[in-house]
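Participant: Input file: run.pdb. Contents: PDB, C-alpha atoms, pLDDT in the B column.
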ATOM      1  CA  MET A   1     109.365  91.382  70.158  1.00 75.00           C
ATOM      2  CA  ASN A   2     105.553  91.753  70.468  1.00 94.00           C
ATOM      3  CA  GLN A   3     102.930  94.329  71.382  1.00 93.00           C
ATOM      4  CA  VAL A   4     102.657  93.238  75.017  1.00 94.00           C
ATOM      5  CA  ILE A   5     106.383  93.634  75.618  1.00 95.00           C
ATOM      6  CA  ASP A   6     106.447  96.949  73.739  1.00 95.00           C
ATOM      7  CA  THR A   7     103.593  98.243  75.929  1.00 96.00           C
ATOM      8  CA  LEU A   8     105.302  97.169  79.149  1.00 96.00           C
ATOM      9  CA  LEU A   9     108.640  98.715  78.190  1.00 95.00           C
ATOM     10  CA  SER A  10     106.961 101.983  77.152  1.00 96.00           C
ATOM     11  CA  HIS A  11     105.384 102.672  80.555  1.00 97.00           C
ATOM     12  CA  ARG A  12     105.479 106.274  81.782  1.00 96.00           C
ATOM     13  CA  SER A  13     103.496 107.943  84.529  1.00 97.00           C
ATOM     14  CA  ILE A  14     101.024 110.349  82.919  1.00 98.00           C
ATOM     15  CA  ARG A  15      99.877 113.343  84.936  1.00 97.00           C
ATOM     16  CA  LYS A  16      98.282 115.498  82.219  1.00 97.00           C
ATOM     17  CA  PHE A  17      95.198 114.304  80.395  1.00 98.00           C
ATOM     18  CA  SER A  18      93.016 115.451  77.515  1.00 97.00           C
ATOM     19  CA  ASP A  19      89.261 115.935  77.909  1.00 97.00           C
ATOM     20  CA  GLU A  20      88.499 112.806  75.868  1.00 98.00           C
ATOM     21  CA  PRO A  21      86.499 110.300  77.920  1.00 98.00           C
ATOM     22  CA  ILE A  22      87.212 106.602  78.294  1.00 98.00           C
ATOM     23  CA  SER A  23      84.375 104.622  76.743  1.00 98.00           C
ATOM     24  CA  THR A  24      82.203 102.240  78.725  1.00 98.00           C
ATOM     25  CA  GLU A  25      83.558  99.383  76.627  1.00 98.00           C
ATOM     26  CA  GLN A  26      87.161 100.370  77.314  1.00 98.00           C
ATOM     27  CA  LEU A  27      86.627 100.589  81.055  1.00 98.00           C
ATOM     28  CA  ALA A  28      84.853  97.239  81.087  1.00 98.00           C
ATOM     29  CA  LYS A  29      87.752  95.600  79.246  1.00 98.00           C
ATOM     30  CA  ILE A  30      90.304  97.221  81.592  1.00 98.00           C
ATOM     31  CA  LEU A  31      88.456  95.789  84.587  1.00 98.00           C
ATOM     32  CA  ASP A  32      88.150  92.397  82.896  1.00 98.00           C
ATOM     33  CA  CYS A  33      91.928  92.372  82.522  1.00 98.00           C
ATOM     34  CA  ALA A  34      92.294  93.319  86.182  1.00 98.00           C
ATOM     35  CA  ARG A  35      90.033  90.425  87.185  1.00 98.00           C
ATOM     36  CA  ALA A  36      92.236  88.031  85.216  1.00 98.00           C
ATOM     37  CA  ALA A  37      95.216  88.647  87.515  1.00 98.00           C
ATOM     38  CA  SER A  38      96.574  85.936  89.784  1.00 98.00           C
ATOM     39  CA  SER A  39      94.962  85.632  93.231  1.00 97.00           C
ATOM     40  CA  SER A  40      96.540  83.952  96.247  1.00 97.00           C
ATOM     41  CA  SER A  41      94.510  80.823  97.105  1.00 96.00           C
ATOM     42  CA  PHE A  42      91.748  82.285  94.886  1.00 97.00           C
ATOM     43  CA  ILE A  43      90.718  84.557  97.774  1.00 97.00           C
ATOM     44  CA  GLN A  44      89.994  87.490  95.414  1.00 97.00           C
ATOM     45  CA  CYS A  45      90.243  90.114  98.150  1.00 98.00           C
ATOM     46  CA  THR A  46      90.156  93.328  96.097  1.00 98.00           C
ATOM     47  CA  SER A  47      87.443  95.916  95.500  1.00 98.00           C
ATOM     48  CA  VAL A  48      87.642  98.921  93.194  1.00 98.00           C
ATOM     49  CA  ILE A  49      85.799 102.177  93.868  1.00 98.00           C
ATOM     50  CA  ARG A  50      85.150 104.185  90.702  1.00 98.00           C
ATOM     51  CA  ILE A  51      84.846 107.881  91.557  1.00 98.00           C
ATOM     52  CA  THR A  52      82.428 109.750  89.274  1.00 98.00           C
ATOM     53  CA  ASP A  53      81.224 112.384  91.764  1.00 98.00           C
ATOM     54  CA  SER A  54      83.127 115.612  91.052  1.00 97.00           C
ATOM     55  CA  ASN A  55      82.944 116.739  94.692  1.00 98.00           C
ATOM     56  CA  LYS A  56      84.453 113.473  95.878  1.00 98.00           C
ATOM     57  CA  ARG A  57      87.132 113.775  93.208  1.00 98.00           C
ATOM     58  CA  ALA A  58      88.032 117.232  94.485  1.00 98.00           C
ATOM     59  CA  LYS A  59      88.162 116.034  98.086  1.00 98.00           C
ATOM     60  CA  LEU A  60      90.311 113.033  97.153  1.00 98.00           C
ATOM     61  CA  ALA A  61      92.678 115.269  95.190  1.00 98.00           C
ATOM     62  CA  SER A  62      93.095 117.421  98.294  1.00 98.00           C
ATOM     63  CA  LEU A  63      93.489 114.466 100.660  1.00 98.00           C
ATOM     64  CA  ALA A  64      96.125 112.968  98.361  1.00 98.00           C
ATOM     65  CA  GLY A  65      98.306 116.064  98.583  1.00 97.00           C
ATOM     66  CA  ASN A  66      96.600 118.464  96.160  1.00 97.00           C
ATOM     67  CA  GLN A  67      97.258 116.331  93.091  1.00 96.00           C
ATOM     68  CA  ALA A  68      95.146 118.081  90.458  1.00 96.00           C
ATOM     69  CA  TYR A  69      95.189 115.178  88.005  1.00 97.00           C
ATOM     70  CA  VAL A  70      92.958 113.216  90.373  1.00 98.00           C
ATOM     71  CA  GLU A  71      90.223 115.645  89.314  1.00 97.00           C
ATOM     72  CA  GLU A  72      91.307 115.987  85.692  1.00 97.00           C
ATOM     73  CA  ALA A  73      91.703 112.349  84.619  1.00 98.00           C
ATOM     74  CA  ALA A  74      88.890 110.705  82.680  1.00 98.00           C
ATOM     75  CA  GLU A  75      88.672 107.988  85.337  1.00 98.00           C
ATOM     76  CA  PHE A  76      89.822 107.739  88.925  1.00 98.00           C
ATOM     77  CA  LEU A  77      89.793 104.357  90.641  1.00 98.00           C
ATOM     78  CA  VAL A  78      90.537 103.612  94.287  1.00 98.00           C
ATOM     79  CA  TRP A  79      91.942 100.126  94.798  1.00 98.00           C
ATOM     80  CA  CYS A  80      91.128  98.480  98.130  1.00 98.00           C
ATOM     81  CA  ALA A  81      92.077  95.318  99.972  1.00 98.00           C
ATOM     82  CA  ASP A  82      88.722  93.833 100.950  1.00 98.00           C
ATOM     83  CA  PHE A  83      87.891  91.013 103.359  1.00 98.00           C
ATOM     84  CA  ASN A  84      84.463  92.450 104.227  1.00 98.00           C
ATOM     85  CA  ARG A  85      82.965  90.494 101.349  1.00 97.00           C
ATOM     86  CA  HIS A  86      84.326  87.262 102.803  1.00 97.00           C
ATOM     87  CA  LEU A  87      82.783  88.010 106.198  1.00 97.00           C
ATOM     88  CA  ALA A  88      79.447  88.600 104.491  1.00 97.00           C
ATOM     89  CA  ILE A  89      79.726  85.099 103.022  1.00 97.00           C
ATOM     90  CA  LYS A  90      81.110  83.443 106.168  1.00 97.00           C
ATOM     91  CA  PRO A  91      80.578  85.599 109.279  1.00 96.00           C
ATOM     92  CA  ASP A  92      82.815  83.405 111.423  1.00 96.00           C
ATOM     93  CA  ALA A  93      85.749  83.621 108.978  1.00 95.00           C
ATOM     94  CA  ARG A  94      89.043  84.246 110.728  1.00 94.00           C
ATOM     95  CA  VAL A  95      90.436  87.442 109.252  1.00 94.00           C
ATOM     96  CA  GLY A  96      92.860  90.147 110.337  1.00 93.00           C
ATOM     97  CA  TYR A  97      96.060  88.147 110.176  1.00 94.00           C
ATOM     98  CA  THR A  98      99.288  89.760 109.010  1.00 94.00           C
ATOM     99  CA  GLU A  99      99.557  87.248 106.163  1.00 95.00           C
ATOM    100  CA  GLN A 100      96.101  88.279 104.941  1.00 95.00           C
ATOM    101  CA  THR A 101      97.179  91.906 105.028  1.00 95.00           C
ATOM    102  CA  LEU A 102     100.082  91.009 102.759  1.00 96.00           C
ATOM    103  CA  ILE A 103      97.820  88.993 100.453  1.00 97.00           C
ATOM    104  CA  GLY A 104      95.415  91.915 100.210  1.00 97.00           C
ATOM    105  CA  ALA A 105      98.199  94.297  99.206  1.00 97.00           C
ATOM    106  CA  VAL A 106      99.814  91.868  96.741  1.00 98.00           C
ATOM    107  CA  ASP A 107      96.594  90.735  95.062  1.00 98.00           C
ATOM    108  CA  THR A 108      95.340  94.307  94.714  1.00 98.00           C
ATOM    109  CA  ALA A 109      98.626  95.479  93.190  1.00 98.00           C
ATOM    110  CA  LEU A 110      98.579  92.601  90.695  1.00 98.00           C
ATOM    111  CA  MET A 111      95.055  93.478  89.598  1.00 98.00           C
ATOM    112  CA  ALA A 112      95.865  97.170  89.314  1.00 98.00           C
ATOM    113  CA  GLN A 113      98.961  96.545  87.222  1.00 98.00           C
ATOM    114  CA  ASN A 114      96.933  94.373  84.844  1.00 98.00           C
ATOM    115  CA  ALA A 115      94.493  97.254  84.531  1.00 98.00           C
ATOM    116  CA  MET A 116      97.265  99.762  83.875  1.00 98.00           C
ATOM    117  CA  VAL A 117      98.875  97.640  81.168  1.00 98.00           C
ATOM    118  CA  ALA A 118      95.504  97.023  79.525  1.00 98.00           C
ATOM    119  CA  ALA A 119      94.787 100.767  79.530  1.00 98.00           C
ATOM    120  CA  GLU A 120      98.180 101.577  78.043  1.00 98.00           C
ATOM    121  CA  SER A 121      97.635  99.001  75.303  1.00 98.00           C
ATOM    122  CA  MET A 122      94.593 101.066  74.252  1.00 98.00           C
ATOM    123  CA  GLY A 123      96.620 104.265  73.965  1.00 98.00           C
ATOM    124  CA  LEU A 124      95.603 105.499  77.404  1.00 98.00           C
ATOM    125  CA  GLY A 125      97.940 106.557  80.181  1.00 98.00           C
ATOM    126  CA  GLY A 126      97.797 106.726  83.923  1.00 98.00           C
ATOM    127  CA  VAL A 127      99.505 107.210  87.239  1.00 98.00           C
ATOM    128  CA  TYR A 128      99.216 105.550  90.631  1.00 98.00           C
ATOM    129  CA  ILE A 129      98.213 107.757  93.560  1.00 98.00           C
ATOM    130  CA  GLY A 130      99.762 106.491  96.787  1.00 98.00           C
ATOM    131  CA  GLY A 131      98.870 109.850  98.314  1.00 98.00           C
ATOM    132  CA  ILE A 132      95.442 108.592  99.340  1.00 97.00           C
ATOM    133  CA  ARG A 133      97.296 106.937 102.214  1.00 98.00           C
ATOM    134  CA  ASN A 134      98.158 110.419 103.482  1.00 97.00           C
ATOM    135  CA  ASN A 135      94.701 110.511 105.041  1.00 97.00           C
ATOM    136  CA  PRO A 136      93.381 106.948 104.963  1.00 98.00           C
ATOM    137  CA  ASP A 137      90.786 107.536 107.678  1.00 98.00           C
ATOM    138  CA  LYS A 138      89.251 110.485 105.814  1.00 98.00           C
ATOM    139  CA  VAL A 139      89.354 108.608 102.512  1.00 98.00           C
ATOM    140  CA  SER A 140      87.593 105.669 104.156  1.00 98.00           C
ATOM    141  CA  GLU A 141      84.945 107.967 105.602  1.00 98.00           C
ATOM    142  CA  LEU A 142      84.414 109.720 102.269  1.00 98.00           C
ATOM    143  CA  LEU A 143      84.018 106.422 100.409  1.00 98.00           C
ATOM    144  CA  GLU A 144      82.001 104.796 103.226  1.00 98.00           C
ATOM    145  CA  LEU A 145      84.400 101.866 103.478  1.00 98.00           C
ATOM    146  CA  PRO A 146      83.344  99.333 106.124  1.00 98.00           C
ATOM    147  CA  GLN A 147      85.568  97.298 108.426  1.00 97.00           C
ATOM    148  CA  GLN A 148      87.984  94.957 106.653  1.00 97.00           C
ATOM    149  CA  VAL A 149      88.258  97.292 103.649  1.00 98.00           C
ATOM    150  CA  VAL A 150      91.412  99.402 103.305  1.00 98.00           C
ATOM    151  CA  PRO A 151      92.156 101.928 100.515  1.00 98.00           C
ATOM    152  CA  LEU A 152      95.645 101.166  99.232  1.00 98.00           C
ATOM    153  CA  PHE A 153      96.141 103.532  96.284  1.00 98.00           C
ATOM    154  CA  GLY A 154      94.342 105.424  93.577  1.00 98.00           C
ATOM    155  CA  MET A 155      94.759 105.274  89.810  1.00 98.00           C
ATOM    156  CA  CYS A 156      94.222 108.062  87.294  1.00 98.00           C
ATOM    157  CA  LEU A 157      93.432 106.943  83.738  1.00 98.00           C
ATOM    158  CA  GLY A 158      92.863 108.946  80.572  1.00 98.00           C
ATOM    159  CA  TYR A 159      94.218 109.995  77.214  1.00 98.00           C
ATOM    160  CA  PRO A 160      97.709 111.490  77.650  1.00 98.00           C
ATOM    161  CA  ALA A 161      98.225 115.211  77.067  1.00 98.00           C
ATOM    162  CA  GLN A 162     101.988 114.895  77.583  1.00 96.00           C
ATOM    163  CA  ASN A 163     104.791 112.666  76.329  1.00 95.00           C
ATOM    164  CA  PRO A 164     107.353 112.316  79.122  1.00 94.00           C
ATOM    165  CA  GLU A 165     110.570 110.379  78.712  1.00 94.00           C
ATOM    166  CA  ILE A 166     110.788 106.882  80.123  1.00 95.00           C
ATOM    167  CA  LYS A 167     112.350 106.979  83.585  1.00 96.00           C
ATOM    168  CA  PRO A 168     115.482 104.803  83.810  1.00 96.00           C
ATOM    169  CA  ARG A 169     115.067 101.746  86.030  1.00 97.00           C
ATOM    170  CA  LEU A 170     117.666  99.813  87.992  1.00 97.00           C
ATOM    171  CA  PRO A 171     119.600  97.577  85.583  1.00 96.00           C
ATOM    172  CA  VAL A 172     119.151  93.810  85.652  1.00 96.00           C
ATOM    173  CA  SER A 173     122.778  93.502  86.783  1.00 94.00           C
ATOM    174  CA  ILE A 174     121.720  95.051  90.116  1.00 96.00           C
ATOM    175  CA  LEU A 175     118.267  93.457  90.424  1.00 96.00           C
ATOM    176  CA  LEU A 176     119.102  89.875  89.495  1.00 97.00           C
ATOM    177  CA  HIS A 177     120.795  87.550  91.974  1.00 96.00           C
ATOM    178  CA  THR A 178     121.730  83.981  91.090  1.00 97.00           C
ATOM    179  CA  ASP A 179     121.407  81.194  93.684  1.00 98.00           C
ATOM    180  CA  SER A 180     122.171  83.550  96.582  1.00 98.00           C
ATOM    181  CA  TYR A 181     122.071  87.229  97.451  1.00 97.00           C
ATOM    182  CA  GLN A 182     124.935  89.249  95.998  1.00 95.00           C
ATOM    183  CA  GLU A 183     126.445  92.449  97.316  1.00 96.00           C
ATOM    184  CA  LEU A 184     125.656  95.698  95.543  1.00 96.00           C
ATOM    185  CA  ASP A 185     127.990  96.504  92.647  1.00 94.00           C
ATOM    186  CA  THR A 186     128.975 100.120  93.374  1.00 95.00           C
ATOM    187  CA  ILE A 187     130.312 100.655  89.855  1.00 95.00           C
ATOM    188  CA  GLU A 188     126.985  99.629  88.326  1.00 96.00           C
ATOM    189  CA  LEU A 189     125.200 101.825  90.858  1.00 97.00           C
ATOM    190  CA  ALA A 190     127.375 104.828  89.960  1.00 97.00           C
ATOM    191  CA  ASP A 191     126.487 104.379  86.297  1.00 97.00           C
ATOM    192  CA  TYR A 192     122.792 104.189  87.152  1.00 97.00           C
ATOM    193  CA  ASP A 193     123.007 107.260  89.405  1.00 97.00           C
ATOM    194  CA  ARG A 194     124.487 109.178  86.499  1.00 97.00           C
ATOM    195  CA  ASP A 195     121.639 108.083  84.198  1.00 97.00           C
ATOM    196  CA  VAL A 196     119.002 109.145  86.729  1.00 97.00           C
ATOM    197  CA  ARG A 197     120.667 112.510  87.290  1.00 97.00           C
ATOM    198  CA  GLU A 198     120.707 113.165  83.540  1.00 96.00           C
ATOM    199  CA  TYR A 199     117.054 112.138  83.302  1.00 96.00           C
ATOM    200  CA  TYR A 200     115.974 114.568  86.027  1.00 95.00           C
ATOM    201  CA  LEU A 201     118.061 117.403  84.607  1.00 95.00           C
ATOM    202  CA  THR A 202     116.473 116.902  81.185  1.00 93.00           C
ATOM    203  CA  ARG A 203     112.920 116.465  82.478  1.00 91.00           C
ATOM    204  CA  THR A 204     113.022 119.534  84.721  1.00 91.00           C
ATOM    205  CA  GLY A 205     115.107 121.801  82.526  1.00 92.00           C
ATOM    206  CA  GLY A 206     117.932 121.710  85.041  1.00 93.00           C
ATOM    207  CA  ASN A 207     115.768 122.349  88.114  1.00 95.00           C
ATOM    208  CA  LYS A 208     116.273 118.914  89.662  1.00 95.00           C
ATOM    209  CA  ASP A 209     119.837 117.675  90.053  1.00 96.00           C
ATOM    210  CA  MET A 210     119.630 114.409  91.970  1.00 97.00           C
ATOM    211  CA  SER A 211     120.871 110.845  91.636  1.00 97.00           C
ATOM    212  CA  TRP A 212     118.842 107.789  92.607  1.00 97.00           C
ATOM    213  CA  SER A 213     121.047 107.173  95.640  1.00 97.00           C
ATOM    214  CA  GLU A 214     120.495 110.750  96.798  1.00 97.00           C
ATOM    215  CA  GLN A 215     116.749 110.402  96.254  1.00 96.00           C
ATOM    216  CA  ILE A 216     116.373 107.213  98.289  1.00 95.00           C
ATOM    217  CA  GLY A 217     118.638 108.664 100.969  1.00 95.00           C
ATOM    218  CA  GLU A 218     116.207 111.540 101.294  1.00 94.00           C
ATOM    219  CA  THR A 219     113.094 109.366 101.047  1.00 94.00           C
ATOM    220  CA  LEU A 220     114.263 106.805 103.598  1.00 94.00           C
ATOM    221  CA  SER A 221     115.622 109.297 106.103  1.00 94.00           C
ATOM    222  CA  LYS A 222     112.375 109.120 108.074  1.00 91.00           C
ATOM    223  CA  GLU A 223     109.382 106.851 108.497  1.00 91.00           C
ATOM    224  CA  ALA A 224     106.670 107.424 105.914  1.00 92.00           C
ATOM    225  CA  ARG A 225     103.082 107.575 107.149  1.00 95.00           C
ATOM    226  CA  PRO A 226     103.727 106.262 110.675  1.00 94.00           C
ATOM    227  CA  PHE A 227      99.983 106.296 111.341  1.00 96.00           C
ATOM    228  CA  MET A 228      99.324 103.423 108.902  1.00 95.00           C
ATOM    229  CA  LYS A 229      99.867 100.692 111.501  1.00 94.00           C
ATOM    230  CA  THR A 230      97.231 102.174 113.781  1.00 95.00           C
ATOM    231  CA  PHE A 231      94.866 102.743 110.854  1.00 96.00           C
ATOM    232  CA  LEU A 232      95.227  99.164 109.582  1.00 96.00           C
ATOM    233  CA  LYS A 233      94.411  97.809 113.019  1.00 95.00           C
ATOM    234  CA  SER A 234      91.409 100.128 113.296  1.00 96.00           C
ATOM    235  CA  LYS A 235      90.045  98.546 110.085  1.00 96.00           C
ATOM    236  CA  GLY A 236      90.627  95.022 111.334  1.00 95.00           C
ATOM    237  CA  PHE A 237      93.876  94.335 109.450  1.00 94.00           C
ATOM    238  CA  ASN A 238      97.252  93.197 110.744  1.00 81.00           C
ATOM    239  CA  ILE A 239      95.920  92.506 114.232  1.00 76.00           C
ATOM    240  CA  LEU A 240      97.147  88.912 114.605  1.00 73.00           C
TER     241      LEU A 240
END
Just give me the structure of the file as C-alpha cells.

Facilitator:
Amino acid sequence: MNQVIDTLLSHRSIRKFSDEPISTEQLAKILDCARAASSSSFIQCTSVIRITDSNKRAKLASLAGNQAYVEEAAEFLVWCADFNRHLAIKPDARVGYTEQTLIGAVDTALMAQNAMVAAESMGLGGVYIGGIRNNPDKVSELLELPQQVVPLFGMCLGYPAQNPEIKPRLPVSILLHTDSYQELDTIELADYDRDVREYYLTRTGGNKDMSWSEQIGETLSKEARPFMKTFLKSKGFNIL
C-alpha cells in the first residue's frame, strides 16, 4: 500500500523505552501534525502540557496507577480539553454545555492520534495513559489547570525497547453496518474471542487466559470512575 497505511496497521502500545531522547525537531513536527487534525467548527479547544519536571513525572506516574513508563518515556504529554483560552478572548462566551464537552474530548483525541501516528512514522512508540483520570482533581492541581481546562489522558513517547505483537482488533464484519444497524454475529465473535485468547496466552506466557467477551464483561461490570461527572462540573464542563 503506502507508508502511512503501513504505520497505522503496525500500531502497538509501547510501555518500555530506551534512554534515547526525542529531538527538539521531532517533537516540533509531532505537534505540528497534531495541530493539523480536524477541529469542530474550528474551535481548537485543546491544550497540551509537556511534563519535563522529574518530580511531576513521578507524581503523575503514581496518580495514574503507578505506571512506571510515565517516568521512563522520553516525553510525557498531558492532553486537555480547554475552553479557558476562549474565555480569555471573549469573557462572555457561553461555555459549559454538554455538546462542548463532547467536542473537547473528540477534538483532543483527534489531535493526539495525529501525534501518535506521526511519532510512530519516525520509529518512535508510545502509549496512552487514561489513568490520569484516576485522580483528575490532583492532576489538575499539580499542573495548575484553571477552570474550563480538563486533563483527558496522558501520552508516553520514546524509542521502543520492546517489540510486542499487534493486538487483534474486532473484524470489519462486526464493526461495519450497512444502511442500518445489524445484530451481532455470534459466530464471528466466537472466532475473534479465540484470536484474543491466543494473543493473551502468547503475550503473557500462559498467564492470561481471557477472551475479549470475558474482558469486556469484567470491565463493564461496574461504573468506571464515577467521580468524573462531579469533577467535570467542578471545572465548568457538562453543566448545561

Participant: My list of candidates is A:Ile30, A:Thr230, A:Tyr192, A:Ser18. Which is closest to Val117 of chain A when distances are computed with all atoms listed in the file?

Facilitator: A:Ile30

Participant: List as a list in words the protein and nucleic acid residues near Leu184 of chain A, meaning an atom at most 10 Å away when all atoms listed in the file are counted, but skip any in the same chain fewer than 5 places from it.

Facilitator: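 What passes the distance filter is Ser173, Ile174, Leu175 and Leu189 of chain A.
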
Participant: Could you jot down the atom CA of Arg194 of chain A to atom CA of Pro168 of chain A separation for me, Å, one decimal place?

Facilitator: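 Straight-line distance from atom CA of Arg194 of chain A to atom CA of Pro168 of chain A works out to 10.4 Å.
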
Participant: Write out as a PyMOL selection string each polymer residue whose atoms come within 10 Å of Ala109 of chain A, counting all atoms listed in the file; drop sequence neighbours fewer than 2 positions from it.

Facilitator: chain A and resi 34+37+46+79-81+103-107+111-115+152-153

Participant: Can you tell me which residues surround Asp82 of chain A at a distance of at most 8 Å, considering all atoms listed in the file, apart from same-chain residues fewer than 3 positions away, and format the answer as a VMD selection string?

Facilitator: chain A and resid 45 to 47 85 104 148 to 150

Participant: Mind pulling up the distance from atom CA of Val127 of chain A to atom CA of His11 of chain A?

Facilitator: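 Computing it gives 10.0 Å between the two atoms.
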
Participant: Would you mind putting N, CA and C atoms back on segment 210-232 of chain A and writing the result as a compact mmCIF listing (two decimals), in the frame of the given file?

Facilitator:
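Final output, rebuild.txt:
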# COMPACT_ATOMS: atom_id res chain seq x y z
N MET A 210 119.63 115.41 90.92
CA MET A 210 119.63 114.41 91.97
C MET A 210 119.83 113.02 91.38
N SER A 211 120.68 112.24 92.03
CA SER A 211 120.87 110.84 91.64
C SER A 211 119.84 109.98 92.34
N TRP A 212 119.77 108.71 91.94
CA TRP A 212 118.84 107.79 92.61
C TRP A 212 119.27 107.56 94.05
N SER A 213 120.56 107.39 94.28
CA SER A 213 121.05 107.17 95.64
C SER A 213 120.70 108.35 96.54
N GLU A 214 120.85 109.56 96.01
CA GLU A 214 120.50 110.75 96.80
C GLU A 214 118.99 110.78 97.07
N GLN A 215 118.20 110.38 96.09
CA GLN A 215 116.75 110.40 96.25
C GLN A 215 116.29 109.41 97.32
N ILE A 216 116.82 108.18 97.29
CA ILE A 216 116.37 107.21 98.29
C ILE A 216 116.94 107.57 99.67
N GLY A 217 118.10 108.20 99.69
CA GLY A 217 118.64 108.66 100.97
C GLY A 217 117.71 109.67 101.61
N GLU A 218 117.15 110.54 100.79
CA GLU A 218 116.21 111.54 101.29
C GLU A 218 114.88 110.90 101.68
N THR A 219 114.39 110.00 100.82
CA THR A 219 113.09 109.37 101.05
C THR A 219 113.10 108.48 102.29
N LEU A 220 114.19 107.76 102.50
CA LEU A 220 114.26 106.80 103.60
C LEU A 220 114.93 107.37 104.85
N SER A 221 115.02 108.67 104.92
CA SER A 221 115.62 109.30 106.10
C SER A 221 114.66 109.38 107.28
N LYS A 222 113.38 109.08 107.01
CA LYS A 222 112.38 109.12 108.07
C LYS A 222 111.28 108.13 107.73
N GLU A 223 110.49 107.78 108.73
CA GLU A 223 109.38 106.85 108.50
C GLU A 223 108.27 107.54 107.73
N ALA A 224 107.77 106.88 106.70
CA ALA A 224 106.67 107.42 105.91
C ALA A 224 105.34 106.95 106.49
N ARG A 225 104.43 107.87 106.68
CA ARG A 225 103.08 107.58 107.15
C ARG A 225 103.09 106.65 108.38
N PRO A 226 103.64 107.09 109.47
CA PRO A 226 103.73 106.26 110.68
C PRO A 226 102.37 105.88 111.26
N PHE A 227 101.33 106.57 110.83
CA PHE A 227 99.98 106.30 111.34
C PHE A 227 99.34 105.08 110.68
N MET A 228 99.96 104.51 109.64
CA MET A 228 99.32 103.42 108.90
C MET A 228 99.11 102.18 109.76
N LYS A 229 100.02 101.88 110.67
CA LYS A 229 99.87 100.69 111.50
C LYS A 229 98.61 100.80 112.35
N THR A 230 98.42 101.96 112.96
CA THR A 230 97.23 102.17 113.78
C THR A 230 95.97 102.12 112.93
N PHE A 231 96.04 102.74 111.74
CA PHE A 231 94.87 102.74 110.85
C PHE A 231 94.50 101.33 110.42
N LEU A 232 95.49 100.54 110.02
CA LEU A 232 95.23 99.16 109.58
C LEU A 232 94.53 98.38 110.69
